[in-house]
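Below is one structure, written out as structure tokens; comments come after it.
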Amino acid sequence: MQNFSFVDETLDINLTHTYNLSIQAGLNGLSFCVFDPLINKYTALTNLSFNKELTFDDFLDELEKTLENADLLNYTYKTVKLIWVTSKTTLIPDVFFNKTQVKKQFELNHKLDEYDEIHYKKLHFNDTNSIFAIPSQVASLFKRKYKNISFYNQNIPWINYVIDHYHSERKKVFVNIHNDFIDILVCQDDKILLCNNFQIKTASDLLYFILYTYEQLNLNKETDELIISGFIQKKSDEFEKLKDFLPHVKFEKPSEEFVYSYTFKTIPLHTFSNLFNLQHCE
């Protein structure tokens with residue numbers, strides 16, 4: 001996605017200490033938005049993409065420069081929340097969760113790299129915890145920048161929003177698309193039937209893993225709805241291929257609980273749904 005920055009005229013830089021800053025970062029770039037709780041409105045949205053071929057050290061340099069040079073990132077905010085986009089996440093029910101054993105529980109599903117650090121957050125529902133890893137160098141950059149920062153992964157606002165807003169006796173499939181992997185969530189009522197992620201490189205990979213999920217869970221391609229969000233365009237080949245196989249596919253709509261600046265109207269808001277829905281997270 002191209003770089004952009006939209007700022008509503010209602011944003012007052014003298015009042016940023018009353019605003020909430022939400023940031024989403026990953027190896028491919030950084031996005032952020034500013035929320036004014038007084039008027040319940042998102043007043044700024046910025047996307048900055050990085051070169052996909054960067055080494056990790058070069059990525060850290062680029063991230064540090066971005067944090068220094070992006071004007072809106074250099075004010076004081078009431079709250080600061082960061083989503084680190086990563087496939088290295090796992091869900092653990094409360095009955096099995098142990099704060100002193102989070103590393104061991106995380107490593108049941110993922111390899112913990114030498115410079116990774118473990119974080120966890122409790123979800124809104126079913127007494128479930130999300131454990132995830134962030135490179136310590138990345139976490140340190142943000143901690144130095146914002147003393148009051150809280151860390152999340154992309155699944156936390158996504159799952160919270162899905163469970164809170166999509167109640168149906170029918171099974172529903174949700175897919176959140178990132179640059180090189182997808183998260184897939186299957187729900188019925190307020191229960192999670194599946195939560196997993198898959199590495200993808202092509203549109204065929206995307207289609208394969210979605211259809212594979214339908215097959216493994218005995219879902220009905222003709223009736224069970226697919227709701228997608230993240231980095232996919234409405235007129236893309238990927239979306240057209242999905243429609244060929246799944247007639248009930250649609251994009252996630254932005255939460256109606258918030259007001260969005262008119263300056264965002266040229267941007268598909270489903271791309272940044274996790275960033276916006278981070279506002280719901282404690």
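Numbering starts fresh at 1 for the residues of each chain in the structure tokens, the chains themselves are lettered A, B, ... in the order given, and ligands are numbered from 1 as they appear.
When DSSP reads the backbone of this structure, the residues of segment 178-279 of chain A it assigns to strand (DSSP E) are Phe181, Ile182, Asp183, Ile184, Leu185, Val186, Cys187, Gln188, Lys191, Ile192, Leu193, Leu194, Cys195, Asn196, Asn197, Phe198, Gln199, Glu225, Leu226, Ile227, Ile228, Ser229, Gly230, Val249, Lys250, Phe251, Val259 and Tyr260 of chain A.
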Contact residues around Asn3 of chain A with only C-alpha atoms at 12 Å, ignoring same-chain residues under 4 positions, as a short mmCIF file (atom, residue, chain, number, x, y, z; two decimals) with N, CA and C atoms, in the first residue's frame:
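Generated output (out-v2.cif):
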```
data_model
loop_
_atom_site.label_atom_id
_atom_site.label_comp_id
_atom_site.auth_asym_id
_atom_site.auth_seq_id
_atom_site.Cartn_x
_atom_site.Cartn_y
_atom_site.Cartn_z
N ASN A 28 7.20 -4.80 7.51
CA ASN A 28 6.92 -4.14 6.24
C ASN A 28 6.53 -2.67 6.38
N GLY A 29 6.43 -2.18 7.62
CA GLY A 29 6.09 -0.77 7.76
C GLY A 29 5.38 -0.45 9.05
N LEU A 30 4.83 0.75 9.08
CA LEU A 30 4.20 1.25 10.30
C LEU A 30 2.99 2.10 9.92
N SER A 31 1.91 1.92 10.68
CA SER A 31 0.72 2.74 10.53
C SER A 31 0.33 3.26 11.91
N PHE A 32 -0.33 4.39 11.94
CA PHE A 32 -0.83 4.88 13.23
C PHE A 32 -2.03 5.77 13.02
N LEU A 45 -4.76 9.53 10.36
CA LEU A 45 -4.38 8.17 9.95
C LEU A 45 -3.19 8.27 9.00
N THR A 46 -2.13 7.54 9.31
CA THR A 46 -0.90 7.56 8.50
C THR A 46 -0.44 6.14 8.23
N ASN A 47 0.04 5.91 7.02
CA ASN A 47 0.65 4.63 6.66
C ASN A 47 2.01 4.88 6.04
N LEU A 48 3.03 4.19 6.52
CA LEU A 48 4.39 4.32 6.02
C LEU A 48 4.95 2.93 5.75
N SER A 49 5.17 2.61 4.48
CA SER A 49 5.67 1.29 4.09
C SER A 49 7.19 1.30 4.01
N PHE A 50 7.80 0.16 4.38
CA PHE A 50 9.25 0.00 4.30
C PHE A 50 9.60 -0.94 3.15
N ASN A 51 10.83 -0.85 2.70
CA ASN A 51 11.33 -1.76 1.67
C ASN A 51 11.29 -3.20 2.19
N ILE A 267 -9.55 5.62 1.51
CA ILE A 267 -8.82 4.46 2.01
C ILE A 267 -9.80 3.36 2.40
#
```
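Across the model, the gap from atom CA of Gln279 of chain A to atom CA of Glu117 of chain A is 23.9 Å.
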Across A:Asp180, A:Asp116, A:Asp71, A:Glu225, the smallest distance to Lys52 of chain A, with only C-alpha atoms counted, is shown by A:Asp180
**OP:** Within segment 26-97 of chain A, find each residue whose DSSP state, derived from the backbone, is alpha helix (DSSP H), and express the selection as a PyMOL selection string.
**Re:** chain A and resi 56-69
What does the file look like for those residues with N, CA and C atoms, as a PDB file, in the first residue's frame?
```
ATOM      1  N   PHE A  56      17.162  -7.029   9.006  1.00  0.00           N
ATOM      2  CA  PHE A  56      16.525  -6.647  10.271  1.00  0.00           C
ATOM      3  C   PHE A  56      17.201  -5.414  10.865  1.00  0.00           C
ATOM      4  N   ASP A  57      18.520  -5.314  10.771  1.00  0.00           N
ATOM      5  CA  ASP A  57      19.226  -4.134  11.290  1.00  0.00           C
ATOM      6  C   ASP A  57      18.807  -2.881  10.535  1.00  0.00           C
ATOM      7  N   ASP A  58      18.666  -3.000   9.220  1.00  0.00           N
ATOM      8  CA  ASP A  58      18.223  -1.844   8.425  1.00  0.00           C
ATOM      9  C   ASP A  58      16.778  -1.484   8.758  1.00  0.00           C
ATOM     10  N   PHE A  59      15.954  -2.507   9.017  1.00  0.00           N
ATOM     11  CA  PHE A  59      14.578  -2.249   9.438  1.00  0.00           C
ATOM     12  C   PHE A  59      14.557  -1.446  10.736  1.00  0.00           C
ATOM     13  N   LEU A  60      15.402  -1.832  11.698  1.00  0.00           N
ATOM     14  CA  LEU A  60      15.454  -1.106  12.972  1.00  0.00           C
ATOM     15  C   LEU A  60      15.859   0.347  12.746  1.00  0.00           C
ATOM     16  N   ASP A  61      16.808   0.582  11.857  1.00  0.00           N
ATOM     17  CA  ASP A  61      17.224   1.953  11.538  1.00  0.00           C
ATOM     18  C   ASP A  61      16.062   2.733  10.931  1.00  0.00           C
ATOM     19  N   GLU A  62      15.344   2.089  10.010  1.00  0.00           N
ATOM     20  CA  GLU A  62      14.215   2.750   9.346  1.00  0.00           C
ATOM     21  C   GLU A  62      13.101   3.044  10.350  1.00  0.00           C
ATOM     22  N   LEU A  63      12.859   2.111  11.245  1.00  0.00           N
ATOM     23  CA  LEU A  63      11.829   2.313  12.264  1.00  0.00           C
ATOM     24  C   LEU A  63      12.200   3.464  13.186  1.00  0.00           C
ATOM     25  N   GLU A  64      13.460   3.512  13.605  1.00  0.00           N
ATOM     26  CA  GLU A  64      13.907   4.587  14.486  1.00  0.00           C
ATOM     27  C   GLU A  64      13.787   5.949  13.804  1.00  0.00           C
ATOM     28  N   LYS A  65      14.148   6.024  12.532  1.00  0.00           N
ATOM     29  CA  LYS A  65      14.018   7.287  11.787  1.00  0.00           C
ATOM     30  C   LYS A  65      12.566   7.708  11.681  1.00  0.00           C
ATOM     31  N   THR A  66      11.700   6.736  11.451  1.00  0.00           N
ATOM     32  CA  THR A  66      10.272   7.041  11.337  1.00  0.00           C
ATOM     33  C   THR A  66       9.726   7.593  12.646  1.00  0.00           C
ATOM     34  N   LEU A  67      10.109   6.978  13.754  1.00  0.00           N
ATOM     35  CA  LEU A  67       9.650   7.458  15.063  1.00  0.00           C
ATOM     36  C   LEU A  67      10.157   8.866  15.356  1.00  0.00           C
ATOM     37  N   GLU A  68      11.312   9.201  14.809  1.00  0.00           N
ATOM     38  CA  GLU A  68      11.885  10.532  15.029  1.00  0.00           C
ATOM     39  C   GLU A  68      11.270  11.585  14.110  1.00  0.00           C
ATOM     40  N   ASN A  69      10.925  11.179  12.882  1.00  0.00           N
ATOM     41  CA  ASN A  69      10.576  12.162  11.855  1.00  0.00           C
ATOM     42  C   ASN A  69       9.087  12.350  11.624  1.00  0.00           C
TER      43      ASN A  69
END
```
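Using only C-alpha atoms, the smallest distance between any of A:Phe125, A:Glu53, A:Gln105, A:Asp12 and Leu72 of chain A comes from A:Asp12.
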Counting only C-alpha atoms, closest pick from A:His270, A:Lys99, A:His119, A:Lys241 relative to Asp205 of chain A is A:Lys241
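Taking atom CA of Val102 of chain A and atom CA of Glu114 of chain A as the two end points, the separation is 15.7 Å.
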Sort by chain and increasing residue number a table of all residues of segment 1-108 of chain A within 12 Å of segment 187-200 of chain A, each with its closest pair of atoms and their distance in Å to one decimal, counting only C-alpha atoms, and write it as a tab-separated table.
```
residue	atom	partner	partner_atom	distance
A:Val85	CA	A:Asn197	CA	12.0
A:Thr86	CA	A:Asn197	CA	9.8
A:Ser87	CA	A:Asn197	CA	6.5
A:Lys88	CA	A:Asn197	CA	9.0
A:Thr89	CA	A:Asn197	CA	9.0
A:Thr90	CA	A:Asn196	CA	8.5
A:Leu91	CA	A:Cys195	CA	8.3
A:Ile92	CA	A:Cys195	CA	11.4
A:Pro93	CA	A:Ile192	CA	11.5
```
Tell me, counting only C-alpha atoms, for each residue of segment 162-217 of chain A within 12 Å of segment 24-27 of chain A, which pair of atoms is nearest and how far apart they are in Å to one decimal, in rows ordered by chain and increasing number, as a tab-separated table.
```
residue	atom	partner	partner_atom	distance
A:His178	CA	A:Gly26	CA	9.7
A:Asn179	CA	A:Leu27	CA	9.4
A:Asp180	CA	A:Leu27	CA	10.2
A:Phe181	CA	A:Gly26	CA	12.0
```
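Separating atom CA of Glu9 of chain A from atom CA of Tyr42 of chain A is a distance of 11.3 Å.
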**Report entry** Residues near Leu207 of chain A, cut-off 9 Å, only C-alpha atoms, skip fewer than 3 positions along chain, as JSON, numbers by chain
**Finding:** {"A": [202, 203, 204, 210, 211, 212, 238, 241, 242, 245]}
Write out, as a CSV table (one decimal), in the first residue's frame, the residues just selected, with C-alpha atoms.
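Once everything was written out, this is result.csv:
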```csv
chain,number,residue,atom,x,y,z
A,202,THR,CA,0.5,-15.8,-3.8
A,203,ALA,CA,-3.2,-15.4,-4.3
A,204,SER,CA,-3.3,-19.2,-4.8
A,210,ILE,CA,-9.2,-20.7,3.2
A,211,LEU,CA,-10.7,-23.6,1.2
A,212,TYR,CA,-8.7,-26.0,3.3
A,238,GLU,CA,-7.3,-12.2,-4.8
A,241,LYS,CA,-10.8,-15.6,-6.9
A,242,LEU,CA,-12.4,-15.8,-3.5
A,245,PHE,CA,-15.5,-20.2,-4.9
```
Practice task
For Lys122 of chain A, work out the shell of residues within 9 Å, counting only C-alpha atoms and skipping chain neighbours fewer than 4 positions away, then give it as a PyMOL selection string.
Solution key: chain A and resi 94+127-131+156+282
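Summary of the local environment: counting only C-alpha atoms, residues at most 12 Å from Tyr166 of chain A, other than itself and those fewer than 2 positions away along its chain, are Trp158, Ile159, Asn160, Tyr161, Val162, Ile163, Asp164, Ser168, Glu169, Arg170, Lys171, Lys172, Val173, Phe174, Val186, Cys187, Gln188, Asp189, Asp190, Lys191, Ile192, Glu225, Leu226, Ile227, Glu252, Lys253 and Ser255 of chain A.
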Just to be explicit: take each residue in the selection above, keep C-alpha atoms, and write the result as a PDB file, in the first residue's frame.
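Wrote again-v1.pdb, looks like this:
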```
ATOM      1  CA  TRP A 158      -9.458  -8.592  15.893  1.00  0.00           C
ATOM      2  CA  ILE A 159     -10.785 -11.457  18.023  1.00  0.00           C
ATOM      3  CA  ASN A 160     -12.267  -9.086  20.598  1.00  0.00           C
ATOM      4  CA  TYR A 161     -14.162  -7.252  17.860  1.00  0.00           C
ATOM      5  CA  VAL A 162     -15.372 -10.411  16.133  1.00  0.00           C
ATOM      6  CA  ILE A 163     -16.665 -11.989  19.345  1.00  0.00           C
ATOM      7  CA  ASP A 164     -18.298  -8.742  20.488  1.00  0.00           C
ATOM      8  CA  SER A 168     -24.751 -15.962  14.926  1.00  0.00           C
ATOM      9  CA  GLU A 169     -25.869 -19.537  15.283  1.00  0.00           C
ATOM     10  CA  ARG A 170     -24.284 -20.124  11.891  1.00  0.00           C
ATOM     11  CA  LYS A 171     -20.562 -20.628  11.591  1.00  0.00           C
ATOM     12  CA  LYS A 172     -18.629 -17.654  10.247  1.00  0.00           C
ATOM     13  CA  VAL A 173     -15.113 -17.532   8.869  1.00  0.00           C
ATOM     14  CA  PHE A 174     -12.907 -14.478   9.383  1.00  0.00           C
ATOM     15  CA  VAL A 186     -13.866 -19.562  12.728  1.00  0.00           C
ATOM     16  CA  CYS A 187     -16.618 -18.736  15.209  1.00  0.00           C
ATOM     17  CA  GLN A 188     -20.097 -19.844  16.119  1.00  0.00           C
ATOM     18  CA  ASP A 189     -22.036 -17.717  18.595  1.00  0.00           C
ATOM     19  CA  ASP A 190     -19.302 -16.567  20.994  1.00  0.00           C
ATOM     20  CA  LYS A 191     -17.177 -19.702  20.632  1.00  0.00           C
ATOM     21  CA  ILE A 192     -13.917 -20.022  18.728  1.00  0.00           C
ATOM     22  CA  GLU A 225     -20.045 -16.495   5.345  1.00  0.00           C
ATOM     23  CA  LEU A 226     -16.447 -15.322   4.896  1.00  0.00           C
ATOM     24  CA  ILE A 227     -15.532 -11.884   6.282  1.00  0.00           C
ATOM     25  CA  GLU A 252     -15.321  -6.290   7.465  1.00  0.00           C
ATOM     26  CA  LYS A 253     -17.122  -3.027   8.131  1.00  0.00           C
ATOM     27  CA  SER A 255     -17.064  -0.282  13.939  1.00  0.00           C
TER      28      SER A 255
END
```
